[in-house]
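Undergrad: Input file: protein21.tsv. Contents: TSV, C-alpha atoms.
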```tsv
chain	number	residue	atom	x	y	z
L	1	MET	CA	7.36	-11.78	14.43
L	2	LYS	CA	5.58	-9.44	12.04
L	3	HIS	CA	5.40	-10.22	8.31
L	4	THR	CA	4.13	-7.75	5.70
L	5	LEU	CA	2.35	-8.73	2.48
L	6	ARG	CA	2.00	-6.01	-0.17
L	7	PHE	CA	-0.74	-6.01	-2.82
L	8	ARG	CA	-1.70	-3.72	-5.69
L	9	ALA	CA	-5.06	-2.03	-4.99
L	10	TYR	CA	-7.66	-0.84	-7.50
L	11	LEU	CA	-9.99	1.82	-6.08
L	12	PRO	CA	-13.19	2.98	-7.82
L	13	ASP	CA	-13.18	6.70	-8.57
L	14	ASP	CA	-15.48	7.63	-5.69
L	15	VAL	CA	-13.55	5.47	-3.20
L	16	GLU	CA	-10.21	6.82	-4.43
L	17	SER	CA	-11.43	10.41	-4.07
L	18	GLU	CA	-12.68	9.77	-0.54
L	19	ALA	CA	-9.50	7.91	0.48
L	20	TRP	CA	-7.22	10.71	-0.75
L	21	HIS	CA	-9.44	13.33	0.91
L	22	GLN	CA	-9.22	11.54	4.25
L	23	ILE	CA	-5.48	11.01	3.96
L	24	ASP	CA	-5.01	14.75	3.44
L	25	ILE	CA	-7.06	15.47	6.57
L	26	LEU	CA	-4.93	12.94	8.48
L	27	ARG	CA	-1.89	14.86	7.27
L	28	GLN	CA	-3.32	18.04	8.81
L	29	ILE	CA	-4.07	16.20	12.08
L	30	ARG	CA	-0.55	14.83	12.06
L	31	ASN	CA	0.97	18.29	11.53
L	32	HIS	CA	-1.19	19.77	14.27
L	33	ALA	CA	-0.15	17.00	16.68
L	34	VAL	CA	3.53	17.59	15.88
L	35	ARG	CA	3.12	21.31	16.52
L	36	ASP	CA	1.22	20.61	19.75
L	37	TYR	CA	4.03	18.32	20.89
L	38	TYR	CA	6.89	20.73	20.22
L	39	ASN	CA	4.97	23.76	21.56
L	40	SER	CA	4.50	22.03	24.91
L	41	ASP	CA	6.87	22.50	27.83
L	42	TYR	CA	9.97	20.35	27.32
L	43	ASN	CA	9.44	18.57	30.65
L	44	ASP	CA	5.71	18.06	30.05
L	45	ARG	CA	5.44	16.84	26.47
L	46	PRO	CA	2.14	15.06	25.66
L	47	SER	CA	2.06	11.30	25.12
L	48	ASP	CA	0.18	9.62	22.29
L	49	TYR	CA	-2.61	8.86	24.75
L	50	ASP	CA	-2.78	12.54	25.77
L	51	GLN	CA	-3.12	13.60	22.15
L	52	HIS	CA	-5.78	10.95	21.49
L	53	GLY	CA	-7.82	12.72	24.14
L	54	LYS	CA	-7.35	16.07	22.40
L	55	LEU	CA	-8.86	14.83	19.13
L	56	THR	CA	-12.41	15.70	20.21
L	57	GLU	CA	-11.33	19.22	21.15
L	58	TRP	CA	-9.52	19.65	17.84
L	59	ALA	CA	-12.53	18.32	15.88
L	60	ASP	CA	-14.78	20.86	17.62
L	61	GLN	CA	-12.43	23.64	16.56
L	62	TRP	CA	-11.81	22.26	13.04
L	63	PRO	CA	-14.83	20.15	11.95
L	64	THR	CA	-12.94	18.55	9.05
L	65	PHE	CA	-10.81	16.70	11.64
L	66	ALA	CA	-13.92	14.61	12.44
L	67	GLU	CA	-14.35	13.32	8.88
L	68	PRO	CA	-11.79	10.47	8.85
L	69	SER	CA	-12.05	7.41	11.06
L	70	ARG	CA	-11.21	8.33	14.66
L	71	HIS	CA	-9.12	5.18	14.82
L	72	ALA	CA	-7.14	6.21	11.71
L	73	ALA	CA	-6.46	9.62	13.32
L	74	GLN	CA	-5.18	7.88	16.44
L	75	GLN	CA	-2.94	5.71	14.27
L	76	ALA	CA	-1.48	8.83	12.63
L	77	ILE	CA	-0.69	10.20	16.10
L	78	ASN	CA	0.79	6.85	17.18
L	79	GLN	CA	3.15	7.01	14.20
L	80	ILE	CA	4.40	10.42	15.36
L	81	HIS	CA	5.36	9.03	18.77
L	82	SER	CA	6.90	5.94	17.19
L	83	ASP	CA	9.07	8.23	15.06
L	84	LEU	CA	9.96	10.28	18.15
L	85	GLU	CA	11.12	7.10	19.92
L	86	THR	CA	13.27	6.21	16.92
L	87	LEU	CA	14.86	9.67	16.98
L	88	LYS	CA	15.49	9.32	20.72
L	89	GLU	CA	17.17	5.93	20.29
L	90	ARG	CA	19.44	7.25	17.56
L	91	ARG	CA	20.26	10.34	19.63
L	92	ASN	CA	21.21	8.10	22.58
L	93	LYS	CA	23.54	6.19	20.27
L	94	GLY	CA	25.35	9.43	19.44
L	95	TYR	CA	23.79	10.18	16.07
L	96	ASN	CA	22.98	13.78	15.16
L	97	VAL	CA	19.20	13.84	14.67
L	98	GLY	CA	16.76	16.70	14.26
L	99	ARG	CA	13.02	17.10	14.82
L	100	LEU	CA	9.99	15.77	13.00
L	101	ASN	CA	9.25	17.82	9.89
L	102	TRP	CA	6.03	19.50	8.83
L	103	GLN	CA	4.51	17.59	5.90
L	104	GLY	CA	3.08	19.52	2.97
L	105	ALA	CA	0.19	18.57	0.68
L	106	GLY	CA	0.90	15.24	-0.99
L	107	GLU	CA	3.76	14.28	1.34
L	108	PHE	CA	1.58	12.25	3.73
L	109	ARG	CA	0.23	9.41	1.60
L	110	SER	CA	-1.15	6.59	3.75
L	111	VAL	CA	-3.81	5.53	6.24
L	112	SER	CA	-3.60	2.58	8.63
L	113	TYR	CA	-5.94	0.48	10.79
L	114	ASN	CA	-4.90	-2.13	13.37
L	115	GLN	CA	-8.28	-3.29	14.70
L	116	SER	CA	-10.03	-6.06	12.75
L	117	ARG	CA	-13.48	-4.44	13.14
L	118	ARG	CA	-12.19	-1.49	11.11
L	119	TYR	CA	-11.71	-3.58	7.97
L	120	ASN	CA	-13.12	-6.62	6.23
L	121	VAL	CA	-11.93	-9.09	3.56
L	122	ASP	CA	-14.23	-10.71	0.98
L	123	HIS	CA	-12.73	-13.67	-0.90
L	124	ASN	CA	-15.98	-14.48	-2.75
L	125	THR	CA	-15.53	-12.19	-5.72
L	126	GLY	CA	-16.04	-14.79	-8.44
L	127	ASP	CA	-12.53	-14.07	-9.73
L	128	ASP	CA	-9.52	-15.83	-8.21
L	129	ARG	CA	-7.28	-12.98	-9.29
L	130	PHE	CA	-8.90	-10.44	-6.96
L	131	VAL	CA	-10.10	-10.11	-3.38
L	132	ARG	CA	-12.23	-7.27	-2.04
L	133	LEU	CA	-11.19	-5.22	0.99
L	134	ARG	CA	-13.23	-2.71	2.99
L	135	LEU	CA	-11.76	0.06	5.14
L	136	GLU	CA	-13.76	2.06	7.66
L	137	LYS	CA	-15.15	5.33	6.25
L	138	ILE	CA	-13.41	4.66	2.91
L	139	GLY	CA	-15.32	1.75	1.38
L	140	TRP	CA	-14.82	-1.41	-0.68
L	141	PHE	CA	-12.14	-1.88	-3.34
L	142	LYS	CA	-10.28	-4.71	-5.05
L	143	ILE	CA	-6.74	-5.94	-4.46
L	144	ARG	CA	-4.80	-8.22	-6.80
L	145	ALA	CA	-4.40	-11.61	-5.10
L	146	ASP	CA	-1.00	-12.58	-6.50
L	147	ARG	CA	-0.51	-14.57	-3.28
L	148	THR	CA	-2.83	-15.84	-0.55
L	149	VAL	CA	-4.71	-13.01	1.14
L	150	PRO	CA	-5.28	-13.76	4.84
L	151	ALA	CA	-8.70	-13.52	6.48
L	152	ALA	CA	-9.55	-10.33	8.36
L	153	GLN	CA	-9.10	-11.95	11.77
L	154	ASP	CA	-5.55	-13.00	10.84
L	155	ILE	CA	-4.49	-9.48	9.87
L	156	ASP	CA	-2.85	-7.30	12.54
L	157	GLU	CA	-2.73	-4.08	10.52
L	158	VAL	CA	-3.86	-2.74	7.14
L	159	ILE	CA	-2.03	0.14	5.47
L	160	LEU	CA	-3.42	1.78	2.33
L	161	LYS	CA	-0.93	3.98	0.49
L	162	LYS	CA	-0.95	6.03	-2.70
L	163	GLU	CA	2.45	6.00	-4.38
L	164	THR	CA	3.88	9.06	-6.11
L	165	THR	CA	3.18	7.29	-9.41
L	166	GLY	CA	-0.56	7.51	-8.66
L	167	GLU	CA	-0.93	3.78	-7.98
L	168	TRP	CA	-2.49	2.43	-4.78
L	169	TYR	CA	-1.04	-0.40	-2.69
L	170	VAL	CA	-2.24	-2.22	0.42
L	171	SER	CA	0.12	-3.71	3.01
L	172	LEU	CA	-1.29	-6.44	5.26
L	173	VAL	CA	0.74	-7.03	8.42
L	174	THR	CA	0.44	-10.52	9.89
L	175	SER	CA	2.17	-12.47	12.66
L	176	VAL	CA	4.49	-15.38	11.89
L	177	GLU	CA	4.61	-17.78	14.81
L	178	ASP	CA	6.71	-20.70	13.58
L	179	THR	CA	10.03	-19.03	12.75
L	180	PRO	CA	13.19	-21.16	12.92
L	181	VAL	CA	15.07	-21.08	16.22
L	182	LYS	CA	18.48	-19.46	15.98
L	183	PRO	CA	21.30	-21.95	16.68
L	184	SER	CA	23.01	-21.68	20.06
L	185	LEU	CA	26.59	-20.47	20.16
L	186	GLY	CA	27.93	-23.96	20.78
L	187	GLU	CA	26.18	-25.30	17.68
L	188	ILE	CA	27.63	-22.74	15.28
L	189	ASP	CA	30.22	-24.00	12.82
L	190	PRO	CA	32.97	-21.43	12.12
L	191	GLU	CA	32.47	-22.05	8.41
L	192	ASP	CA	28.88	-20.85	8.77
L	193	CYS	CA	29.94	-17.38	9.97
L	194	VAL	CA	30.62	-14.42	7.70
L	195	GLY	CA	31.59	-10.78	8.06
L	196	VAL	CA	30.21	-8.27	5.54
L	197	ASP	CA	32.01	-5.05	4.66
L	198	LEU	CA	29.83	-2.51	2.86
L	199	GLY	CA	32.22	-1.49	0.17
L	200	ILE	CA	33.12	1.43	-2.06
L	201	THR	CA	34.55	-0.36	-5.07
L	202	SER	CA	32.05	-3.22	-4.57
L	203	TYR	CA	28.62	-3.42	-2.97
L	204	ILE	CA	29.68	-5.94	-0.33
L	205	HIS	CA	32.91	-7.76	0.40
L	206	THR	CA	32.76	-10.82	2.67
L	207	SER	CA	35.31	-12.36	5.03
L	208	GLU	CA	35.43	-15.31	2.61
L	209	ASN	CA	36.78	-12.93	-0.05
L	210	LEU	CA	33.59	-12.81	-2.11
L	211	SER	CA	33.14	-9.43	-3.74
L	212	VAL	CA	29.74	-8.47	-5.21
L	213	ASP	CA	29.66	-5.57	-7.66
L	214	THR	CA	27.39	-2.57	-7.36
L	215	LEU	CA	24.45	-2.24	-9.74
L	216	ASP	CA	24.92	-0.39	-13.00
L	217	LEU	CA	22.00	2.06	-13.08
L	218	THR	CA	23.31	4.28	-15.87
L	219	ASP	CA	20.38	3.66	-18.25
L	220	GLU	CA	17.82	4.14	-15.48
L	221	TYR	CA	19.36	7.44	-14.41
L	222	ASP	CA	19.54	8.64	-18.03
L	223	ARG	CA	15.81	8.02	-18.38
L	224	TYR	CA	15.14	9.74	-15.03
L	225	ALA	CA	17.11	12.81	-16.16
L	226	ARG	CA	15.22	12.96	-19.47
L	227	GLU	CA	11.86	12.85	-17.70
L	228	GLN	CA	13.02	15.55	-15.28
L	229	ARG	CA	13.97	17.83	-18.15
L	230	LYS	CA	10.55	17.31	-19.74
L	231	LEU	CA	8.90	18.17	-16.43
L	232	ALA	CA	10.88	21.40	-16.18
L	233	ARG	CA	9.36	22.55	-19.49
L	234	LYS	CA	5.76	22.08	-18.31
L	235	GLU	CA	3.67	24.74	-16.60
L	236	HIS	CA	3.74	23.93	-12.90
L	237	GLY	CA	0.39	22.65	-11.67
L	238	SER	CA	-1.14	22.06	-15.11
L	239	ASN	CA	-2.61	18.72	-16.20
L	240	ASN	CA	0.37	18.07	-18.46
L	241	TRP	CA	2.71	18.88	-15.57
L	242	GLU	CA	0.92	16.36	-13.34
L	243	LYS	CA	1.08	13.67	-16.05
L	244	GLN	CA	4.79	14.29	-16.52
L	245	ARG	CA	5.38	14.34	-12.75
L	246	GLN	CA	4.00	10.81	-12.66
L	247	GLN	CA	6.38	9.81	-15.46
L	248	VAL	CA	9.26	11.15	-13.34
L	249	ALA	CA	7.96	9.16	-10.38
L	250	ARG	CA	7.80	5.99	-12.50
L	251	ALA	CA	11.39	6.48	-13.66
L	252	LYS	CA	12.49	6.93	-10.05
L	253	ARG	CA	10.44	3.89	-9.03
L	254	ALA	CA	12.27	1.76	-11.60
L	255	ILE	CA	15.55	2.63	-9.87
L	256	LYS	CA	14.17	1.89	-6.40
L	257	ARG	CA	12.68	-1.42	-7.49
L	258	LYS	CA	15.89	-2.61	-9.08
L	259	VAL	CA	17.91	-1.72	-5.98
L	260	ARG	CA	15.32	-3.31	-3.67
L	261	ASP	CA	15.22	-6.50	-5.73
L	262	TYR	CA	19.03	-6.62	-5.61
L	263	GLN	CA	19.04	-6.17	-1.84
L	264	HIS	CA	16.34	-8.79	-1.27
L	265	LYS	CA	18.30	-11.39	-3.21
L	266	LEU	CA	21.60	-10.59	-1.49
L	267	THR	CA	20.15	-10.57	2.04
L	268	THR	CA	18.16	-13.77	1.43
L	269	TRP	CA	21.30	-15.50	0.21
L	270	LEU	CA	23.31	-14.37	3.25
L	271	VAL	CA	20.78	-15.54	5.87
L	272	GLN	CA	20.19	-18.86	4.10
L	273	GLU	CA	23.89	-19.53	3.56
L	274	TYR	CA	25.20	-18.65	7.05
L	275	ASP	CA	24.23	-19.04	10.72
L	276	VAL	CA	25.95	-15.79	11.75
L	277	VAL	CA	26.18	-12.64	9.64
L	278	ALA	CA	28.12	-9.69	11.05
L	279	VAL	CA	27.76	-6.32	9.30
L	280	GLU	CA	28.97	-2.82	10.08
L	281	ASP	CA	26.35	-0.42	11.46
L	282	LEU	CA	26.97	2.62	9.27
L	283	ASP	CA	25.53	6.09	9.93
L	284	VAL	CA	24.78	6.90	6.30
L	285	LYS	CA	23.34	10.43	6.67
L	286	PRO	CA	26.65	12.30	7.32
L	287	MET	CA	28.29	10.24	4.57
L	288	LEU	CA	25.67	11.49	2.10
L	289	GLU	CA	26.13	15.08	3.28
L	290	THR	CA	29.92	15.16	2.97
L	291	SER	CA	30.80	12.68	0.25
L	292	GLN	CA	31.56	13.69	-3.31
L	293	ASN	CA	30.08	10.36	-4.31
L	294	ALA	CA	26.81	10.76	-2.39
L	295	LYS	CA	24.53	9.56	-5.20
L	296	ASN	CA	26.27	6.20	-5.42
L	297	LYS	CA	26.07	5.80	-1.65
L	298	GLN	CA	22.38	6.63	-1.76
L	299	ASP	CA	21.89	4.04	-4.50
L	300	ALA	CA	23.62	1.52	-2.24
L	301	ALA	CA	20.87	2.18	0.38
L	302	TRP	CA	22.95	0.57	3.10
L	303	SER	CA	20.49	1.44	5.89
L	304	ARG	CA	17.72	-0.49	4.14
L	305	PHE	CA	20.15	-3.31	3.37
L	306	ILE	CA	20.91	-3.69	7.10
L	307	GLU	CA	17.20	-3.49	8.01
L	308	LEU	CA	16.39	-6.22	5.48
L	309	LEU	CA	19.25	-8.35	6.78
L	310	GLU	CA	18.02	-8.07	10.39
L	311	TYR	CA	14.41	-8.76	9.37
L	312	LYS	CA	15.32	-11.84	7.34
L	313	GLY	CA	17.66	-13.03	10.06
L	314	GLU	CA	14.61	-13.29	12.35
L	315	LEU	CA	12.58	-14.93	9.59
L	316	HIS	CA	15.20	-17.58	8.77
L	317	GLY	CA	16.72	-18.15	12.24
L	318	THR	CA	20.09	-16.48	11.53
L	319	HIS	CA	22.10	-14.37	13.96
L	320	VAL	CA	22.64	-10.91	12.45
L	321	GLU	CA	25.05	-8.76	14.45
L	322	THR	CA	25.58	-5.08	13.65
L	323	VAL	CA	28.97	-3.86	14.87
L	324	GLU	CA	30.69	-0.54	15.38
L	325	PRO	CA	32.41	0.27	12.06
L	326	HIS	CA	35.07	2.60	13.46
L	327	GLY	CA	38.54	1.15	13.01
L	328	THR	CA	37.58	-1.96	11.04
L	329	THR	CA	39.65	-0.75	8.09
L	330	LYS	CA	42.63	0.35	10.18
L	331	GLU	CA	42.97	-2.72	12.41
L	332	CYS	CA	45.02	-5.65	11.21
L	333	ALA	CA	42.90	-8.79	11.17
L	334	SER	CA	46.01	-10.80	12.08
L	335	CYS	CA	47.53	-8.88	15.00
L	336	GLY	CA	45.12	-6.00	15.76
L	337	VAL	CA	47.58	-3.14	15.23
L	338	GLU	CA	45.96	-0.04	13.69
L	339	THR	CA	47.42	1.50	10.55
L	340	ASP	CA	46.11	4.70	8.98
L	341	LYS	CA	45.58	4.52	5.25
L	342	PRO	CA	43.88	6.92	2.78
L	343	ILE	CA	40.77	5.72	1.01
L	344	TRP	CA	42.52	5.25	-2.33
L	345	VAL	CA	44.92	2.68	-0.86
L	346	ARG	CA	43.12	-0.59	-1.52
L	347	GLU	CA	45.58	-2.96	0.15
L	348	HIS	CA	46.16	-3.51	3.84
L	349	SER	CA	49.81	-3.92	4.80
L	350	CYS	CA	50.61	-4.25	8.52
L	351	PRO	CA	53.96	-2.75	9.58
L	352	ALA	CA	53.88	-4.80	12.81
L	353	CYS	CA	53.36	-8.37	11.60
L	354	GLY	CA	53.76	-7.99	7.83
L	355	HIS	CA	50.25	-9.28	7.10
L	356	THR	CA	49.09	-8.14	3.63
L	357	GLU	CA	45.72	-8.53	1.95
L	358	ASP	CA	42.88	-6.67	0.27
L	359	ARG	CA	41.68	-3.69	2.34
L	360	ASP	CA	37.99	-4.72	2.22
L	361	LEU	CA	38.77	-8.35	3.05
L	362	ASN	CA	40.73	-7.24	6.10
L	363	ALA	CA	37.79	-5.05	7.21
L	364	ALA	CA	35.30	-7.90	6.70
L	365	LYS	CA	37.39	-10.19	8.92
L	366	ASN	CA	37.48	-7.55	11.64
L	367	ILE	CA	33.71	-7.13	11.36
L	368	LEU	CA	33.23	-10.87	11.76
L	369	THR	CA	35.50	-10.93	14.83
L	370	ARG	CA	33.56	-8.09	16.47
L	371	GLY	CA	30.22	-9.72	15.62
L	372	LEU	CA	31.24	-13.04	17.14
L	373	LYS	CA	32.51	-11.33	20.29
L	374	GLN	CA	29.18	-9.51	20.62
L	375	LEU	CA	27.29	-12.73	20.12
L	376	GLY	CA	29.39	-14.57	22.71
L	377	ALA	CA	29.42	-11.79	25.33
L	378	GLY	CA	28.48	-13.12	28.75
L	379	ARG	CA	28.60	-16.77	27.70
L	380	SER	CA	30.86	-19.36	29.26
L	381	GLU	CA	31.22	-21.71	26.34
L	382	SER	CA	34.00	-21.21	23.83
L	383	THR	CA	33.31	-19.10	20.80
L	384	PRO	CA	34.37	-19.69	17.21
L	385	VAL	CA	36.15	-16.31	17.10
L	386	GLN	CA	39.61	-17.82	17.07
L	387	THR	CA	38.82	-20.36	14.36
L	388	ALA	CA	36.34	-18.55	12.18
L	389	LEU	CA	38.93	-16.54	10.28
L	390	PRO	CA	40.93	-18.43	7.65
L	391	THR	CA	44.66	-18.70	8.18
L	392	PHE	CA	45.25	-17.99	4.52
L	393	THR	CA	43.81	-15.55	2.00
L	394	PRO	CA	41.64	-17.41	-0.52
L	395	GLN	CA	41.53	-16.50	-4.15
L	396	ARG	CA	39.19	-13.53	-4.50
L	397	GLU	CA	35.90	-14.30	-6.23
L	398	ARG	CA	34.14	-11.40	-7.87
L	399	VAL	CA	30.42	-11.58	-8.67
L	400	ASP	CA	28.83	-9.29	-11.22
L	401	ALA	CA	25.68	-7.55	-10.02
L	402	LYS	CA	23.81	-8.81	-13.09
L	403	ARG	CA	24.27	-12.40	-11.89
L	404	VAL	CA	22.64	-11.49	-8.60
L	405	VAL	CA	19.67	-9.81	-10.27
L	406	GLU	CA	19.08	-12.57	-12.81
L	407	ALA	CA	19.99	-15.68	-10.82
L	408	GLY	CA	18.88	-14.62	-7.35
L	409	SER	CA	22.09	-15.21	-5.39
L	410	PRO	CA	25.85	-14.64	-5.76
L	411	GLY	CA	26.53	-18.37	-5.73
L	412	ALA	CA	24.11	-19.26	-8.53
```
If you took the structure in this file and wrote it as structure tokens, what would it be?
TA:
Amino acid sequence: MKHTLRFRAYLPDDVESEAWHQIDILRQIRNHAVRDYYNSDYNDRPSDYDQHGKLTEWADQWPTFAEPSRHAAQQAINQIHSDLETLKERRNKGYNVGRLNWQGAGEFRSVSYNQSRRYNVDHNTGDDRFVRLRLEKIGWFKIRADRTVPAAQDIDEVILKKETTGEWYVSLVTSVEDTPVKPSLGEIDPEDCVGVDLGITSYIHTSENLSVDTLDLTDEYDRYAREQRKLARKEHGSNNWEKQRQQVARAKRAIKRKVRDYQHKLTTWLVQEYDVVAVEDLDVKPMLETSQNAKNKQDAAWSRFIELLEYKGELHGTHVETVEPHGTTKECASCGVETDKPIWVREHSCPACGHTEDRDLNAAKNILTRGLKQLGAGRSESTPVQTALPTFTPQRERVDAKRVVEAGSPGA
């Protein structure tokens, strides 16, 4: 599987200027390729290979298109078609998706290379804290070696990106061969299975009745709002405006980093603690468009949480099953009868069997049941579905988000 290492990059002024110049040209190539794709006949849309062949023609018409690395331009086109495949997959799953958007100046911020002859790594810098990296047509620059930097031949892809804060980062994509083997269905202990409900009153609620609070980002958002107000008072496009725009970006980055750190610690704990993790596959976009509490849902970043969970499941040898969320709140985890309940009703009470418990706990149990059924589909051996759910409701344990951030896991 692929594993990405991210490093802070320090570009000399001339290299930085050239890198940003080439990235902007790649943005224009990308936009032109998107327009070429959508302007083509619906039944004869060009492939990435077709558009690679058009690069020479485009460079003859617009000479600036020849300035960046030809390989980097092909990578930008490959990304378009990768995004198109993602849109197609989501459309086939029933999601309402649109088209690829035109990207304005400053919106396209990266360049990538996936052939080792396009880059080089120099570990002999005389300073253990830094390693030098060279990218084709961009030049040499330093990266901070806060972990081992692989040799060029061990790197599958290099991505150089300028963040909105003005800082540069390099992502090195490598292959991890020796990942743990996921346990077979017959080897899974019911106690090592968990269902995860992505909550409203809490960030997650598990089938073992563990509730983890959402992060309190009040101070971070107050700072972000202050910086935004300062930006509004600057003359747009001036040097002071640009400096303040970077302050706004840093305030926003602080929020993103805190949420990402929180998610990393939660997902790592889940895949290390359990052999099977079942989670609901939410379509977050319509929830953000219709909800009165959209900002909090965006802070939750559930889509990224699920992506991290799946990625770490592969890395740690854990089964991660995403299940259809529809009906998990309505169904009774004891008898399966559906009961409508408004969102403010926080307790599940089944009129058929009399089963009563916390609404989120009931949903988490249903998620676990669905995940185990998906995992056992088509297998002859018995599954732990019938025994994975507890016959009693344990005492609810609530974990403050601060404990997760400081200690690294809910159980610490």
Undergrad: Need to verify the contact set: L:Thr214, 7 Å, all atoms listed in the file, exclusion of same-chain residues closer than 4 positions in sequence. Can you return it as a list in words?
TA: Ser202, Tyr203 and Ala401 of chain L
Undergrad: List the neighbours of L:Ser82 out to 10 Å using all atoms listed in the file; skip same-chain residues closer than 6 positions along the sequence, and give me the result as a PyMOL selection string.
TA: chain L and resi 48+76+88
Undergrad: Which distance in Å separates atom CA of L:Ser112 and atom CA of L:Gln79, to one decimal?
TA: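 These atoms are spaced 9.8 Å apart.
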Undergrad: Expressed in Å to a single decimal, how great is the separation between atom CA of L:Arg233 and atom CA of L:Gln246?
TA: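 Pair atom CA of L:Arg233 / atom CA of L:Gln246 returns 14.6 Å.
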Undergrad: Ranking L:Val196, L:Val149, L:Leu270, L:Leu309 by minimum distance to L:Asn362 and counting all atoms listed in the file, which one comes first?
TA: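 Going through L:Val196, L:Val149, L:Leu270, L:Leu309 one by one, the smallest distance to L:Asn362 is for L:Val196.
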Undergrad: From the list L:Asp50, L:Asp41, L:Glu136, L:Asp213, which residue is nearest L:Gln22 when using all atoms listed in the file?
TA: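 Closest residue, counting all atoms listed in the file: L:Glu136.
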Undergrad: For each of L:Glu314, L:Glu357, L:Glu397, L:Asp222, take the minimum atom-to-atom distance to L:Lys182, counting all atoms listed in the file, then give the residue where this is smallest.
TA: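 The shortest atom-to-atom distance to L:Lys182 comes from L:Glu314.
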Undergrad: Using all atoms listed in the file, what residues lie at most 12 Å away from (27.1, -22.2, 11.8) (file coordinates), given as an MDAnalysis selection string?
TA: chainID L and resid 182:194 271:277 317:319 372 383:384 388
Undergrad: Please report the interatomic distance between atom CA of L:Ile343 and atom CA of L:His326 in Å with one decimal.
TA: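 For atom CA of L:Ile343 relative to atom CA of L:His326, the distance reads 14.0 Å.
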Undergrad: If I only have part of stretch 105-117 of chain L, can you fill in N, CA, C and O atoms and write it as an mmCIF file, keeping the file's coordinate frame?
TA:
```cif
data_model
loop_
_atom_site.group_PDB
_atom_site.id
_atom_site.type_symbol
_atom_site.label_atom_id
_atom_site.label_comp_id
_atom_site.auth_asym_id
_atom_site.auth_seq_id
_atom_site.Cartn_x
_atom_site.Cartn_y
_atom_site.Cartn_z
ATOM 1 N N ALA L 105 1.219 19.294 1.440
ATOM 2 C CA ALA L 105 0.190 18.570 0.680
ATOM 3 C C ALA L 105 0.846 17.540 -0.229
ATOM 4 O O ALA L 105 1.771 17.853 -0.982
ATOM 5 N N GLY L 106 0.367 16.304 -0.160
ATOM 6 C CA GLY L 106 0.900 15.240 -0.990
ATOM 7 C C GLY L 106 2.056 14.485 -0.384
ATOM 8 O O GLY L 106 2.464 13.444 -0.909
ATOM 9 N N GLU L 107 2.622 14.963 0.731
ATOM 10 C CA GLU L 107 3.760 14.280 1.340
ATOM 11 C C GLU L 107 3.312 13.153 2.275
ATOM 12 O O GLU L 107 4.030 12.172 2.452
ATOM 13 N N PHE L 108 2.157 13.303 2.894
ATOM 14 C CA PHE L 108 1.580 12.250 3.730
ATOM 15 C C PHE L 108 0.639 11.452 2.834
ATOM 16 O O PHE L 108 -0.332 11.992 2.311
ATOM 17 N N ARG L 109 0.896 10.139 2.669
ATOM 18 C CA ARG L 109 0.230 9.410 1.600
ATOM 19 C C ARG L 109 -0.418 8.106 2.033
ATOM 20 O O ARG L 109 -0.750 7.270 1.200
ATOM 21 N N SER L 110 -0.628 7.888 3.330
ATOM 22 C CA SER L 110 -1.150 6.590 3.750
ATOM 23 C C SER L 110 -2.113 6.708 4.924
ATOM 24 O O SER L 110 -2.132 7.719 5.633
ATOM 25 N N VAL L 111 -2.909 5.647 5.113
ATOM 26 C CA VAL L 111 -3.810 5.530 6.240
ATOM 27 C C VAL L 111 -3.714 4.103 6.746
ATOM 28 O O VAL L 111 -3.568 3.162 5.949
ATOM 29 N N SER L 112 -3.766 3.929 8.079
ATOM 30 C CA SER L 112 -3.600 2.580 8.630
ATOM 31 C C SER L 112 -4.660 2.284 9.678
ATOM 32 O O SER L 112 -5.169 3.193 10.353
ATOM 33 N N TYR L 113 -4.978 0.979 9.813
ATOM 34 C CA TYR L 113 -5.940 0.480 10.790
ATOM 35 C C TYR L 113 -5.343 -0.782 11.413
ATOM 36 O O TYR L 113 -4.833 -1.634 10.682
ATOM 37 N N ASN L 114 -5.422 -0.906 12.738
ATOM 38 C CA ASN L 114 -4.900 -2.130 13.370
ATOM 39 C C ASN L 114 -5.922 -2.807 14.274
ATOM 40 O O ASN L 114 -5.554 -3.535 15.194
ATOM 41 N N GLN L 115 -7.210 -2.574 14.012
ATOM 42 C CA GLN L 115 -8.280 -3.290 14.700
ATOM 43 C C GLN L 115 -9.147 -3.975 13.642
ATOM 44 O O GLN L 115 -9.615 -3.316 12.704
ATOM 45 N N SER L 116 -9.376 -5.275 13.797
ATOM 46 C CA SER L 116 -10.030 -6.060 12.750
ATOM 47 C C SER L 116 -11.462 -5.583 12.459
ATOM 48 O O SER L 116 -11.961 -5.782 11.347
ATOM 49 N N ARG L 117 -12.121 -4.928 13.416
ATOM 50 C CA ARG L 117 -13.480 -4.440 13.140
ATOM 51 C C ARG L 117 -13.482 -3.199 12.256
ATOM 52 O O ARG L 117 -14.540 -2.733 11.846
#
```
